[in-house]
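A.B. asks: Input file: my_file22.txt. Contents: compact mmCIF, C-alpha atoms.
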# COMPACT_ATOMS: atom_id res chain seq x y z
CA MET S 1044 -14.18 28.54 -37.69
CA GLU S 1045 -14.27 30.27 -34.34
CA PRO S 1046 -14.99 27.96 -31.34
CA THR S 1047 -18.35 28.41 -29.65
CA LYS S 1048 -18.54 29.82 -26.15
CA ILE S 1049 -19.16 26.33 -24.70
CA GLU S 1050 -16.19 24.91 -26.64
CA ARG S 1051 -14.02 27.75 -25.38
CA ILE S 1052 -15.05 27.15 -21.76
CA GLU S 1053 -14.39 23.42 -22.08
CA SER S 1054 -11.01 24.04 -23.70
CA THR S 1055 -10.01 26.39 -20.88
CA ARG S 1056 -11.08 23.87 -18.24
CA ARG S 1057 -9.04 21.12 -19.90
CA TYR S 1058 -6.01 23.41 -20.20
CA LEU S 1059 -6.13 24.43 -16.53
CA ARG S 1060 -6.64 20.86 -15.26
CA LYS S 1061 -3.85 19.54 -17.50
CA HIS S 1062 -1.56 22.26 -16.16
CA ALA S 1063 -2.51 21.30 -12.58
CA ILE S 1064 -1.77 17.61 -13.23
CA LYS S 1065 1.58 18.45 -14.82
CA THR S 1066 2.54 20.82 -11.99
CA ILE S 1067 1.59 18.38 -9.20
CA LEU S 1068 3.35 15.40 -10.78
CA ASN S 1069 6.48 17.40 -11.54
CA GLU S 1070 6.54 18.86 -8.03
CA TYR S 1071 6.25 15.50 -6.34
CA ASP S 1072 8.17 13.20 -8.69
CA SER S 1073 10.86 15.55 -9.95
CA GLU S 1074 11.36 18.16 -7.21
CA ILE S 1075 10.52 16.22 -4.02
CA LEU S 1076 11.47 12.64 -4.96
CA GLY S 1077 14.19 13.74 -7.34
CA LEU S 1078 13.29 11.21 -10.04
CA SER S 1079 15.37 11.40 -13.20
CA ILE S 1080 13.69 11.89 -16.56
CA GLU S 1081 14.31 8.17 -17.22
CA ASN S 1082 12.63 7.19 -13.93
CA GLN S 1083 9.68 9.48 -14.60
CA LYS S 1084 9.26 8.01 -18.06
CA GLU S 1085 9.38 4.47 -16.66
CA LYS S 1086 6.81 5.31 -14.00
CA TYR S 1087 4.48 7.18 -16.32
CA GLN S 1088 4.64 4.43 -18.95
CA LYS S 1089 3.12 2.08 -16.38
CA MET S 1090 0.53 4.66 -15.37
CA THR S 1091 -0.69 5.13 -18.95
CA SER S 1092 -1.88 1.51 -19.11
CA SER S 1093 -5.32 2.34 -17.63
CA PRO S 1094 -7.20 4.92 -15.50
CA PHE S 1095 -6.89 2.60 -12.49
CA GLN S 1096 -3.10 2.33 -12.88
CA PHE S 1097 -2.94 6.11 -13.27
CA TYR S 1098 -4.89 6.42 -10.02
CA ARG S 1099 -2.52 3.99 -8.29
CA GLY S 1100 0.53 6.04 -9.26
CA SER S 1101 -0.86 9.50 -8.46
CA ALA S 1102 -1.85 9.41 -4.80
CA TYR S 1103 -0.54 12.95 -4.36
CA LEU S 1104 -3.09 14.21 -6.93
CA PHE S 1105 -5.83 12.45 -4.92
CA TYR S 1106 -4.79 14.18 -1.67
CA TYR S 1107 -4.46 17.53 -3.43
CA ASP S 1108 -8.03 17.15 -4.67
CA VAL S 1109 -9.73 15.57 -1.66
CA LEU S 1110 -8.52 18.24 0.75
CA ARG S 1111 -10.10 20.92 -1.45
CA MET S 1112 -13.45 19.15 -1.80
CA PRO S 1113 -16.06 19.70 0.93
CA ILE S 1114 -17.53 16.50 2.36
CA SER S 1115 -19.09 15.74 5.72
CA PHE S 1116 -18.25 12.94 8.18
CA HIS S 1117 -14.57 13.70 8.88
CA THR S 1118 -13.28 12.94 12.37
CA PRO S 1119 -12.00 15.99 14.34
CA ALA S 1120 -8.46 17.16 13.59
CA ASP S 1121 -7.39 16.27 17.13
CA LYS S 1122 -8.77 12.72 16.83
CA PRO S 1123 -7.05 11.36 13.71
CA THR S 1124 -6.98 7.73 12.62
CA TRP S 1125 -3.76 5.91 11.77
CA LEU S 1126 -4.12 5.56 7.99
CA GLN S 1127 -2.85 2.98 5.57
CA GLY S 1128 -2.43 6.06 3.38
CA ASP S 1129 -2.76 4.54 -0.11
CA LEU S 1130 -5.72 2.21 0.17
CA HIS S 1131 -6.85 0.79 -3.15
CA PHE S 1132 -8.13 -2.47 -4.57
CA GLU S 1133 -4.71 -3.98 -5.30
CA ASN S 1134 -3.18 -3.27 -1.88
CA PHE S 1135 -4.76 -6.39 -0.36
CA SER S 1136 -3.43 -9.93 -0.63
CA ALA S 1137 -3.20 -13.35 1.00
CA PHE S 1138 0.01 -14.18 2.87
CA MET S 1139 1.42 -16.23 5.74
CA ASN S 1140 1.69 -14.72 9.23
CA LYS S 1141 4.48 -15.60 11.63
CA LYS S 1142 2.58 -18.55 13.07
CA GLY S 1143 2.19 -20.10 9.63
CA ASP S 1144 -1.49 -19.21 9.20
CA MET S 1145 -2.69 -18.03 5.78
CA VAL S 1146 -4.48 -14.67 6.14
CA PHE S 1147 -5.90 -11.97 3.89
CA ASP S 1148 -5.11 -8.35 4.75
CA THR S 1149 -3.66 -5.07 3.56
CA ASP S 1150 -0.10 -5.48 2.31
CA ASP S 1151 1.44 -2.02 1.74
CA PHE S 1152 2.29 0.46 4.48
CA ASP S 1153 4.72 2.88 2.80
CA GLU S 1154 2.25 5.78 3.08
CA GLY S 1155 1.18 5.13 6.69
CA TYR S 1156 0.29 8.39 8.44
CA LEU S 1157 -2.30 10.11 10.63
CA GLY S 1158 -5.45 11.75 9.32
CA SER S 1159 -9.21 11.39 8.96
CA TYR S 1160 -10.35 7.79 8.40
CA LEU S 1161 -12.31 9.19 5.46
CA HIS S 1162 -9.13 9.63 3.40
CA ASP S 1163 -8.62 5.86 3.38
CA VAL S 1164 -12.32 5.21 2.80
CA LEU S 1165 -12.65 7.63 -0.12
CA ARG S 1166 -9.44 6.48 -1.78
CA MET S 1167 -10.70 2.91 -1.55
CA THR S 1168 -14.24 3.56 -2.79
CA ALA S 1169 -13.03 5.51 -5.83
CA SER S 1170 -10.62 2.65 -6.57
CA ILE S 1171 -13.48 0.13 -6.38
CA ALA S 1172 -15.36 2.09 -9.03
CA LEU S 1173 -12.30 2.38 -11.27
CA PHE S 1174 -11.31 -1.27 -10.88
CA ALA S 1175 -14.87 -2.47 -11.46
CA GLU S 1176 -15.21 -0.28 -14.53
CA GLU S 1177 -12.06 -1.89 -15.93
CA LEU S 1178 -13.82 -5.25 -15.49
CA ASN S 1179 -16.84 -3.92 -17.43
CA TYR S 1180 -19.20 -3.40 -14.48
CA ASN S 1181 -21.71 -0.64 -15.26
CA GLU S 1182 -22.26 2.41 -13.04
CA ASN S 1183 -25.17 0.92 -11.10
CA GLU S 1184 -23.06 -2.16 -10.35
CA GLN S 1185 -20.13 0.05 -9.33
CA LYS S 1186 -22.38 1.93 -6.90
CA SER S 1187 -23.66 -1.35 -5.48
CA LEU S 1188 -20.09 -2.54 -4.83
CA ILE S 1189 -19.23 0.72 -3.08
CA ARG S 1190 -22.32 0.34 -0.89
CA THR S 1191 -21.25 -3.20 0.00
CA PHE S 1192 -17.80 -1.96 1.04
CA LEU S 1193 -19.25 0.89 3.13
CA GLN S 1194 -21.93 -1.27 4.75
CA THR S 1195 -19.46 -3.95 5.84
CA TYR S 1196 -16.97 -1.30 7.00
CA TYR S 1197 -19.65 0.36 9.12
CA GLU S 1198 -21.01 -2.89 10.58
CA GLN S 1199 -17.50 -4.05 11.51
CA ILE S 1200 -16.68 -0.70 13.12
CA LYS S 1201 -19.89 -1.00 15.17
CA ASP S 1202 -18.97 -4.54 16.23
CA PHE S 1203 -15.64 -3.26 17.54
CA ALA S 1204 -17.23 -0.32 19.36
CA GLU S 1205 -19.80 -2.62 20.98
CA ASP S 1206 -17.11 -5.19 21.94
CA ASN S 1207 -18.64 -7.86 19.72
CA ALA S 1208 -15.26 -8.37 18.05
CA ASP S 1209 -11.63 -7.67 18.94
CA PRO S 1210 -9.61 -5.73 16.33
CA GLY S 1211 -6.43 -6.77 18.12
CA THR S 1212 -6.75 -10.43 17.14
CA LEU S 1213 -9.26 -10.55 14.27
CA MET S 1214 -7.89 -12.38 11.23
CA PHE S 1215 -9.42 -13.21 7.87
CA ASN S 1216 -8.65 -16.76 6.75
CA ASP S 1217 -10.29 -19.44 4.65
CA ALA S 1218 -12.76 -20.18 7.48
CA ASN S 1219 -14.38 -16.72 7.52
CA THR S 1220 -14.02 -15.65 3.86
CA ALA S 1221 -15.55 -16.82 0.59
CA GLY S 1222 -15.03 -16.71 -3.17
CA PRO S 1223 -11.84 -15.28 -4.68
CA VAL S 1224 -10.32 -14.38 -1.28
CA GLN S 1225 -10.85 -17.89 0.06
CA HIS S 1226 -9.41 -19.38 -3.14
CA ALA S 1227 -6.30 -17.16 -2.89
CA LEU S 1228 -5.78 -18.32 0.70
CA GLN S 1229 -6.19 -21.97 -0.22
CA SER S 1230 -3.73 -21.70 -3.12
CA LEU S 1231 -0.98 -20.61 -0.71
CA LYS S 1232 -1.12 -23.98 1.01
CA THR S 1233 0.50 -25.59 -2.04
CA LYS S 1234 3.51 -23.26 -1.98
CA GLU S 1235 6.89 -23.98 -0.42
CA ARG S 1236 9.27 -21.55 1.26
CA GLU S 1237 12.05 -22.63 -1.11
CA GLU S 1238 10.21 -21.14 -4.10
CA VAL S 1239 11.77 -17.69 -3.62
CA LEU S 1240 15.23 -19.25 -3.28
CA GLU S 1241 14.77 -21.26 -6.46
CA GLU S 1242 13.49 -18.22 -8.34
CA VAL S 1243 16.26 -15.69 -7.54
CA THR S 1244 19.26 -17.74 -6.33
CA THR S 1245 21.49 -20.59 -7.43
CA LEU S 1246 23.98 -22.94 -5.78
CA ASP S 1247 27.58 -22.40 -6.88
CA SER S 1248 30.13 -24.78 -5.32
CA GLU S 1249 27.60 -25.51 -2.57
CA GLN S 1250 27.29 -21.78 -1.81
CA ARG S 1251 23.99 -20.08 -2.51
CA GLN S 1252 24.01 -16.69 -4.22
CA PHE S 1253 21.68 -14.49 -6.24
CA VAL S 1254 21.39 -14.95 -9.98
CA ARG S 1255 22.46 -11.66 -11.57
CA SER S 1256 20.20 -10.20 -14.27
CA GLU S 1257 18.77 -6.89 -15.49
CA GLN S 1258 16.50 -6.97 -12.43
CA LEU S 1259 19.13 -8.14 -9.90
CA GLU S 1260 22.39 -6.21 -10.07
CA SER S 1261 25.57 -6.57 -8.00
CA LEU S 1262 26.53 -3.85 -5.55
CA ASN S 1263 29.85 -2.08 -5.87
CA GLU S 1264 32.29 -2.29 -2.97
CA GLU S 1265 31.24 1.05 -1.46
CA GLU S 1266 27.53 0.10 -1.53
CA ARG S 1267 28.20 -3.33 -0.03
CA VAL S 1268 30.27 -1.87 2.83
CA ALA S 1269 27.62 0.79 3.53
CA LEU S 1270 24.88 -1.84 3.80
CA GLU S 1271 26.97 -4.16 5.99
CA ASN S 1272 27.81 -1.24 8.29
CA ALA S 1273 24.10 -0.50 8.63
CA TRP S 1274 23.19 -4.15 9.27
CA PRO S 1275 23.63 -4.04 13.10
CA GLU S 1276 21.00 -1.29 13.21
CA TYR S 1277 18.55 -3.62 11.46
CA ILE S 1278 19.26 -6.51 13.83
CA ALA S 1279 18.80 -4.21 16.84
CA SER S 1280 15.45 -2.99 15.44
CA ILE S 1281 13.87 -6.46 15.33
CA ASP S 1282 11.43 -7.19 18.14
CA ALA S 1283 13.16 -9.02 20.99
CA GLU S 1284 10.70 -11.91 20.74
CA ASN S 1285 11.90 -12.54 17.17
CA GLU S 1286 15.62 -12.70 17.92
CA GLN S 1287 17.43 -15.73 16.50
CA GLN S 1288 20.57 -17.67 17.27
CA LYS S 1289 23.97 -16.22 16.44
CA GLY S 1290 24.72 -16.30 12.74
CA PHE S 1291 21.08 -16.42 11.62
CA PHE S 1292 21.27 -12.93 10.10
CA HIS S 1293 24.71 -13.38 8.55
CA ILE S 1294 24.70 -11.78 5.08
CA LYS S 1295 25.65 -14.28 2.38
CA ASP S 1296 24.90 -12.14 -0.70
CA VAL S 1297 23.24 -8.84 -1.70
CA VAL S 1298 21.86 -7.42 -4.95
CA LYS S 1299 20.04 -4.29 -6.04
CA LYS S 1300 16.48 -4.89 -7.28
CA HIS S 1301 15.21 -3.01 -10.34
CA GLY S 1302 11.90 -2.80 -12.16
CA ALA S 1303 9.40 -3.42 -9.34
CA GLY S 1304 6.34 -1.37 -8.45
CA THR S 1305 5.10 1.97 -9.76
CA GLY S 1306 5.14 4.43 -6.87
CA SER S 1307 8.52 3.06 -5.73
CA ILE S 1308 10.34 3.66 -9.02
CA GLY S 1309 13.53 5.62 -8.35
CA LEU S 1310 13.82 4.38 -4.76
CA SER S 1311 16.60 1.98 -3.75
CA ARG S 1312 15.70 -1.64 -3.06
CA TYR S 1313 17.96 -4.54 -2.05
CA TYR S 1314 17.55 -8.30 -1.84
CA ILE S 1315 19.61 -9.71 1.02
CA LEU S 1316 20.37 -13.42 1.39
CA ILE S 1317 20.87 -14.45 5.02
CA GLU S 1318 22.02 -17.69 6.61
CA GLY S 1319 18.81 -18.70 8.39
CA LYS S 1320 19.04 -21.84 10.53
CA LYS S 1321 22.64 -23.03 10.64
CA ASP S 1322 22.18 -26.73 10.16
CA GLY S 1323 24.16 -27.05 6.95
CA LYS S 1324 21.02 -27.02 4.80
CA GLN S 1325 21.11 -24.43 2.03
CA ARG S 1326 17.33 -24.51 1.73
CA ASP S 1327 17.09 -22.78 5.11
CA ASP S 1328 18.57 -19.58 3.65
CA ILE S 1329 16.12 -16.65 3.66
CA VAL S 1330 15.71 -13.73 1.26
CA LEU S 1331 14.99 -10.37 2.88
CA GLU S 1332 14.04 -7.18 1.09
CA ALA S 1333 15.26 -3.75 2.17
CA LYS S 1334 13.15 -1.03 0.57
CA GLU S 1335 13.80 2.69 0.77
CA ALA S 1336 11.13 4.67 2.62
CA ARG S 1337 10.57 8.39 2.28
CA THR S 1338 8.13 11.01 3.50
CA PRO S 1339 4.65 9.53 2.95
CA VAL S 1340 2.37 11.20 0.43
CA PRO S 1341 -0.27 12.25 3.05
CA ALA S 1342 2.41 14.09 5.05
CA HIS S 1343 2.74 16.63 2.23
CA PHE S 1344 -0.91 17.56 2.73
CA LEU S 1345 -1.77 16.71 6.37
CA SER S 1346 -0.12 18.28 9.42
CA TYR S 1347 0.14 15.79 12.27
CA ASP S 1348 3.89 15.84 12.91
CA GLU S 1349 3.34 16.80 16.55
CA LEU S 1350 1.88 13.34 17.14
CA PHE S 1351 5.15 11.64 16.16
CA THR S 1352 7.80 11.04 18.78
CA GLU S 1353 11.44 11.72 17.89
CA ASP S 1354 12.32 8.09 17.19
CA LYS S 1355 9.44 7.76 14.73
CA ALA S 1356 11.00 10.41 12.47
CA HIS S 1357 12.79 7.49 10.80
CA HIS S 1358 10.59 6.60 7.82
CA GLY S 1359 11.64 2.96 7.81
CA ARG S 1360 10.51 2.71 11.41
CA ARG S 1361 7.28 4.57 10.54
CA VAL S 1362 6.45 1.96 7.88
CA ILE S 1363 7.03 -1.06 10.13
CA THR S 1364 5.26 0.70 13.02
CA THR S 1365 2.21 1.06 10.78
CA GLN S 1366 2.31 -2.61 9.83
CA LYS S 1367 2.70 -3.76 13.43
CA ALA S 1368 -0.23 -1.58 14.48
CA MET S 1369 -2.48 -2.88 11.70
CA HIS S 1370 -1.47 -6.55 11.56
CA TYR S 1371 -1.84 -9.35 14.09
CA LEU S 1372 1.14 -11.74 14.13
CA GLU S 1373 3.08 -9.61 11.64
CA ASP S 1374 6.24 -10.57 9.71
CA PRO S 1375 8.91 -11.45 12.35
CA PHE S 1376 11.67 -10.03 10.13
CA LEU S 1377 10.31 -6.47 10.19
CA GLY S 1378 13.04 -3.95 10.97
CA TYR S 1379 14.73 -0.83 9.65
CA LEU S 1380 18.15 0.63 8.89
CA THR S 1381 19.82 3.80 7.61
CA ILE S 1382 22.32 4.15 4.78
CA GLY S 1383 23.65 7.71 4.52
CA ASP S 1384 20.60 9.99 4.40
CA HIS S 1385 18.30 7.22 3.20
CA HIS S 1386 15.85 5.30 5.39
CA PHE S 1387 14.94 1.66 4.70
CA TYR S 1388 12.56 -0.90 6.12
CA VAL S 1389 13.26 -4.63 5.94
CA ARG S 1390 10.86 -7.56 5.56
CA GLU S 1391 10.95 -11.11 4.32
CA ASN S 1392 10.60 -11.65 0.58
CA SER S 1393 8.11 -14.44 1.09
CA PRO S 1394 6.66 -16.86 -1.48
CA PHE S 1395 3.47 -16.91 0.58
CA ASP S 1396 1.88 -13.90 -1.09
CA GLU S 1397 -1.09 -14.23 -3.40
CA SER S 1398 -3.49 -11.72 -4.95
CA VAL S 1399 -7.08 -12.61 -5.77
CA ASP S 1400 -7.58 -14.05 -9.25
CA GLN S 1401 -8.86 -11.22 -11.44
CA GLU S 1402 -10.82 -13.64 -13.62
CA GLU S 1403 -12.91 -14.60 -10.59
CA LEU S 1404 -13.74 -10.93 -10.05
CA THR S 1405 -15.60 -10.68 -13.36
CA GLU S 1406 -18.55 -12.47 -11.73
CA THR S 1407 -20.73 -10.28 -9.52
CA LYS S 1408 -20.81 -12.65 -6.55
CA GLY S 1409 -17.04 -13.08 -6.50
CA MET S 1410 -16.49 -9.34 -6.73
CA ASN S 1411 -19.07 -8.66 -4.02
CA ASP S 1412 -17.54 -11.27 -1.68
CA THR S 1413 -14.10 -9.69 -2.16
CA VAL S 1414 -15.24 -6.11 -1.57
CA GLU S 1415 -17.09 -7.27 1.56
CA VAL S 1416 -13.89 -8.68 3.07
CA MET S 1417 -11.95 -5.55 2.12
CA GLY S 1418 -14.53 -3.43 3.99
CA LYS S 1419 -14.09 -5.51 7.13
CA ILE S 1420 -10.30 -5.37 6.87
CA THR S 1421 -10.33 -1.59 6.47
CA ALA S 1422 -12.43 -1.31 9.64
CA LYS S 1423 -10.03 -3.66 11.42
CA ILE S 1424 -6.87 -1.69 10.57
CA HIS S 1425 -8.51 1.57 11.63
CA ALA S 1426 -9.82 0.16 14.92
CA ARG S 1427 -6.63 -1.78 15.71
CA ALA S 1428 -4.17 1.07 15.22
CA ASP S 1429 -5.18 3.24 18.16
CA ALA S 1430 -5.08 2.98 21.94
CA ASP S 1431 -5.07 -0.82 21.53
CA ALA S 1432 -1.68 -0.80 19.79
CA ASP S 1433 1.55 -0.29 21.73
CA GLU S 1434 3.22 1.43 18.79
CA ILE S 1435 0.66 4.22 18.34
CA PRO S 1436 0.46 7.28 20.61
CA LEU S 1437 -3.33 7.61 20.47
CA SER S 1438 -5.27 7.87 23.72
CA TYR S 1439 -8.72 7.10 22.34
CA GLU S 1440 -10.55 4.36 20.45
CA SER S 1441 -10.67 5.17 16.73
CA GLU S 1442 -13.83 3.13 16.15
CA GLU S 1443 -15.74 5.32 18.61
CA GLU S 1444 -14.58 8.53 16.92
CA ILE S 1445 -15.43 7.14 13.47
CA LEU S 1446 -18.96 6.24 14.57
CA LYS S 1447 -19.44 9.73 15.98
CA ALA S 1448 -18.27 11.22 12.67
CA ILE S 1449 -20.64 9.05 10.60
CA GLY S 1450 -23.50 9.96 12.93
CA ASP S 1451 -26.92 8.40 13.43
CA ASP S 1452 -28.00 8.58 9.79
CA PHE S 1453 -25.87 5.96 8.06
CA ASN S 1454 -27.93 6.18 4.87
CA HIS S 1455 -26.97 9.85 4.54
CA PHE S 1456 -23.31 8.89 4.90
CA LEU S 1457 -23.77 6.08 2.39
CA SER S 1458 -25.41 8.21 -0.28
CA GLU S 1459 -22.92 11.10 0.05
CA VAL S 1460 -19.86 8.85 -0.19
CA VAL S 1461 -21.29 6.96 -3.18
CA VAL S 1462 -21.98 10.23 -5.02
CA TRP S 1463 -18.51 11.55 -4.20
CA SER S 1464 -16.83 8.31 -5.30
CA MET S 1465 -18.58 8.21 -8.66
CA PHE S 1466 -17.84 11.89 -9.21
CA TYR S 1467 -14.17 11.34 -8.49
CA LYS S 1468 -14.01 8.19 -10.63
CA ASN S 1469 -15.21 10.29 -13.56
CA GLN S 1470 -12.65 12.97 -12.69
CA VAL S 1471 -9.87 10.34 -12.74
CA ASN S 1472 -11.04 9.12 -16.16
CA GLN S 1473 -10.84 12.68 -17.51
CA ASP S 1474 -7.48 13.25 -15.82
CA TYR S 1475 -6.14 10.03 -17.33
CA LEU S 1476 -6.76 11.31 -20.86
CA LEU S 1477 -5.05 14.61 -20.05
CA PHE S 1478 -2.17 12.74 -18.42
CA CYS S 1479 -1.72 10.59 -21.54
CA GLU S 1480 -1.64 13.73 -23.71
CA TRP S 1481 1.04 15.22 -21.46
CA CYS S 1482 3.08 11.99 -21.53
CA ARG S 1483 3.02 11.91 -25.32
CA ASP S 1484 4.04 15.56 -25.58
CA GLU S 1485 6.56 15.76 -22.73
CA PHE S 1486 8.09 12.26 -22.59
CA ASP S 1487 7.39 10.87 -26.06
CA ILE S 1488 5.60 7.90 -24.46
CA GLU S 1489 3.64 5.68 -26.81
CA ILE S 1490 0.14 5.00 -25.48
Spit out the file's structure as structure tokens when you get a sec.
C.D. replies:
Amino acid sequence: MEPTKIERIESTRRYLRKHAIKTILNEYDSEILGLSIENQKEKYQKMTSSPFQFYRGSAYLFYYDVLRMPISFHTPADKPTWLQGDLHFENFSAFMNKKGDMVFDTDDFDEGYLGSYLHDVLRMTASIALFAEELNYNENEQKSLIRTFLQTYYEQIKDFAEDNADPGTLMFNDANTAGPVQHALQSLKTKEREEVLEEVTTLDSEQRQFVRSEQLESLNEEERVALENAWPEYIASIDAENEQQKGFFHIKDVVKKHGAGTGSIGLSRYYILIEGKKDGKQRDDIVLEAKEARTPVPAHFLSYDELFTEDKAHHGRRVITTQKAMHYLEDPFLGYLTIGDHHFYVRENSPFDESVDQEELTETKGMNDTVEVMGKITAKIHARADADADEIPLSYESEEEILKAIGDDFNHFLSEVVVWSMFYKNQVNQDYLLFCEWCRDEFDIEI
């Protein structure tokens, strides 16, 4: 039986969109990142678990789409915001800052770049809809959560612009949060620094070393020498105020880390055991993580290279520069190094890192409380990473430019972003099904 005209049109649309998804993913993952077939299969297997996980792993598809979709309220091209770059529901967590305070904030800066604040906002609002849908919230409830995020973002931006709050020092802790976020912060207080050591290392003849496994693999001699030769660059990159006594950063052991993340599959990652305080106590050893950094996803779609100085061409430095600009009292071990043609950033692998409990998010109040904090944090990172931050070459206040872009009619902004977010959530759901078809056909992945 011949297909009807409507069936033919729908079939053609599906074919063209599936071809676009395949082309974009192959271009980015295979051609640009150089992922092997095995790495692609590993990454895509994780992405087939749900529409939200697909969305997490395909930021390049988001940027390809969003730059082709007309929407108002963008800031001018010559007044960009420093972006987190991959803002979504699971890129927030509770952790300890360098003064020992438990705070809740964004926790991933690999895609940090310059562009319209709206790219972060739209990526986040679509993720709220997708994440909420996964937790069985209906469309009206999804829209309400998006409105909560946008309202708190806007109010916080206004507070900064009117000097009612300081983005340079604002923190979110258990005193000014509620619900799941507050509970995540409180749970960190029961953790001990030694937990990471006990999880990935062992004492052998009174010497601590990593426990080798499928996830933690020894380096060969050439790799070990290359990392040790690059180590002085890392030490020199640490902020002077965080320098330690001689021997503190002595490398005791190194392993390669496998099997972590989705977007970072195929990139090199090392765990590095350093001496820490030299008082003869093995529990003072510290585990650092060196993670490969590459050109951020937004840079393939946005052209702001002229705003980077020469020394910021190093992508490891770009990542830690983003974190320093967006965080108050950031990780004191932040630094960067270069091995061959590969850039890395370094941070502590800390046990003080806790996501919100997903079970608590199934209740409307808990979900609403969480989204509210995320809206305030998004405003804070945008307002902090501008003329107020030493690391960022921006001569203006981002919060002022964002308010100008939103304009006097906030309700118009609110309604347009909600409509766009729900439209794009539905697009992601359709794309997910096409992606799964492609994965079955191309990579023989079982869904």
A.B. asks: From the list S:Phe1453, S:Gly1309, S:Val1146, S:Ala1063, which residue is nearest Lys1086 (chain S) when using only C-alpha atoms?
C.D. replies: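 Going through S:Phe1453, S:Gly1309, S:Val1146, S:Ala1063 one by one, the smallest distance to Lys1086 (chain S) is for S:Gly1309.
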A.B. asks: Find the residues around Gly1319 (chain S) up to 8 Å (only C-alpha atoms counted), leave out those fewer than 6 positions away in its own chain, and share them as a PyMOL selection string.
C.D. replies: chain S and resi 1290-1293+1327-1329
A.B. asks: Pick out the closest residue to Tyr1196 (chain S) from this set: S:Ile1294, S:Ile1049, S:Met1167, S:Leu1270. Count all atoms listed in the file.
C.D. replies: S:Met1167
A.B. asks: Using CA of Lys1065 (chain S) and CA of Glu1154 (chain S) as the two end points, give the distance in Å to one decimal.
C.D. replies: 21.9 Å
A.B. asks: So which one's closest to Asp1150 (chain S), S:Ile1363, S:Ala1169, S:Leu1262, S:Ile1490? Using all atoms listed in the file, please.
C.D. replies: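 Under the stated criterion, the closest residue is S:Ile1363.
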A.B. asks: For Val1471 (chain S), which of S:Tyr1156, S:Trp1125, S:Phe1387, S:Phe1174 is the closest residue, counting only C-alpha atoms?
C.D. replies: S:Phe1174
A.B. asks: Please list, as a PyMOL selection string, the residues that have an atom at most 12 Å away from (-5.0, -2.9, -8.9) in the coordinates of this file, counting only C-alpha atoms.
C.D. replies: chain S and resi 1090+1092-1100+1129-1136+1167+1170-1178+1304-1305+1398-1401+1404
A.B. asks: Taking only C-alpha atoms into account, which of S:Asp1474, S:Ser1307, S:Ile1488, S:Tyr1197 comes nearest Leu1059 (chain S)?
C.D. replies: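 Comparing S:Asp1474, S:Ser1307, S:Ile1488, S:Tyr1197 against Leu1059 (chain S), the winner is S:Asp1474.
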A.B. asks: Could the residues of region 1070-1151 of chain S that have an atom at most 8 Å from region 1415-1428 of chain S be listed as CSV, each with its closest atom pair and the distance in Å to one decimal, counting all atoms listed in the file and ordered by chain and ascending residue number?
C.D. replies:
residue,atom,partner,partner_atom,distance
S:Thr1124,CA,S:His1425,CA,6.4
S:Trp1125,CA,S:Ala1428,CA,6.0
S:Leu1126,CA,S:His1425,CA,7.0
S:Gln1127,CA,S:Ile1424,CA,7.9
S:Phe1135,CA,S:Met1417,CA,7.7
S:Asp1148,CA,S:Ile1420,CA,6.3
S:Thr1149,CA,S:Ile1420,CA,7.4
A.B. asks: What does the structure give for the distance between CA of Pro1223 (chain S) and CA of Gly1409 (chain S), in Å to one decimal?
C.D. replies: 5.9 Å
A.B. asks: If you count all atoms listed in the file, which residues fall within 12 Å of Gln1287 (chain S), apart from same-chain ones fewer than 2 positions away, as a list in words?
C.D. replies: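 Near Gln1287 (chain S), the qualifying residues are Ile1278, Ala1279, Ile1281, Asp1282, Ala1283, Glu1284, Asn1285, Lys1289, Gly1290, Phe1291, Phe1292, His1293, Glu1318, Gly1319, Lys1320, Lys1321, Pro1375 and Phe1376 of chain S.
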A.B. asks: So what do you get for CA of Glu1241 (chain S) versus CA of Phe1253 (chain S), distance-wise?
C.D. replies: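 So the answer is 9.7 Å.
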A.B. asks: Find the residue from S:Ser1393, S:Ser1115, S:His1358, S:Ser1230 that sits nearest to Ala1342 (chain S); use all atoms listed in the file when measuring.
C.D. replies: S:His1358
A.B. asks: Could you give me, as a short mmCIF file (atom, residue, chain, number, x, y, z; two decimals) with C-alpha atoms, in the coordinates of the input, the residues within 12 Å of Ile1308 (chain S), counting all atoms listed in the file and dropping anything in the same chain fewer than 3 positions from it?
C.D. replies:
data_model
loop_
_atom_site.label_atom_id
_atom_site.label_comp_id
_atom_site.auth_asym_id
_atom_site.auth_seq_id
_atom_site.Cartn_x
_atom_site.Cartn_y
_atom_site.Cartn_z
CA ASP S 1072 8.17 13.20 -8.69
CA SER S 1073 10.86 15.55 -9.95
CA LEU S 1076 11.47 12.64 -4.96
CA GLY S 1077 14.19 13.74 -7.34
CA LEU S 1078 13.29 11.21 -10.04
CA SER S 1079 15.37 11.40 -13.20
CA ILE S 1080 13.69 11.89 -16.56
CA GLU S 1081 14.31 8.17 -17.22
CA ASN S 1082 12.63 7.19 -13.93
CA GLN S 1083 9.68 9.48 -14.60
CA LYS S 1084 9.26 8.01 -18.06
CA GLU S 1085 9.38 4.47 -16.66
CA LYS S 1086 6.81 5.31 -14.00
CA TYR S 1087 4.48 7.18 -16.32
CA GLN S 1088 4.64 4.43 -18.95
CA LYS S 1089 3.12 2.08 -16.38
CA MET S 1090 0.53 4.66 -15.37
CA GLY S 1100 0.53 6.04 -9.26
CA LYS S 1300 16.48 -4.89 -7.28
CA HIS S 1301 15.21 -3.01 -10.34
CA GLY S 1302 11.90 -2.80 -12.16
CA ALA S 1303 9.40 -3.42 -9.34
CA GLY S 1304 6.34 -1.37 -8.45
CA THR S 1305 5.10 1.97 -9.76
CA SER S 1311 16.60 1.98 -3.75
CA ARG S 1312 15.70 -1.64 -3.06
CA LYS S 1334 13.15 -1.03 0.57
CA GLU S 1335 13.80 2.69 0.77
CA ALA S 1336 11.13 4.67 2.62
#
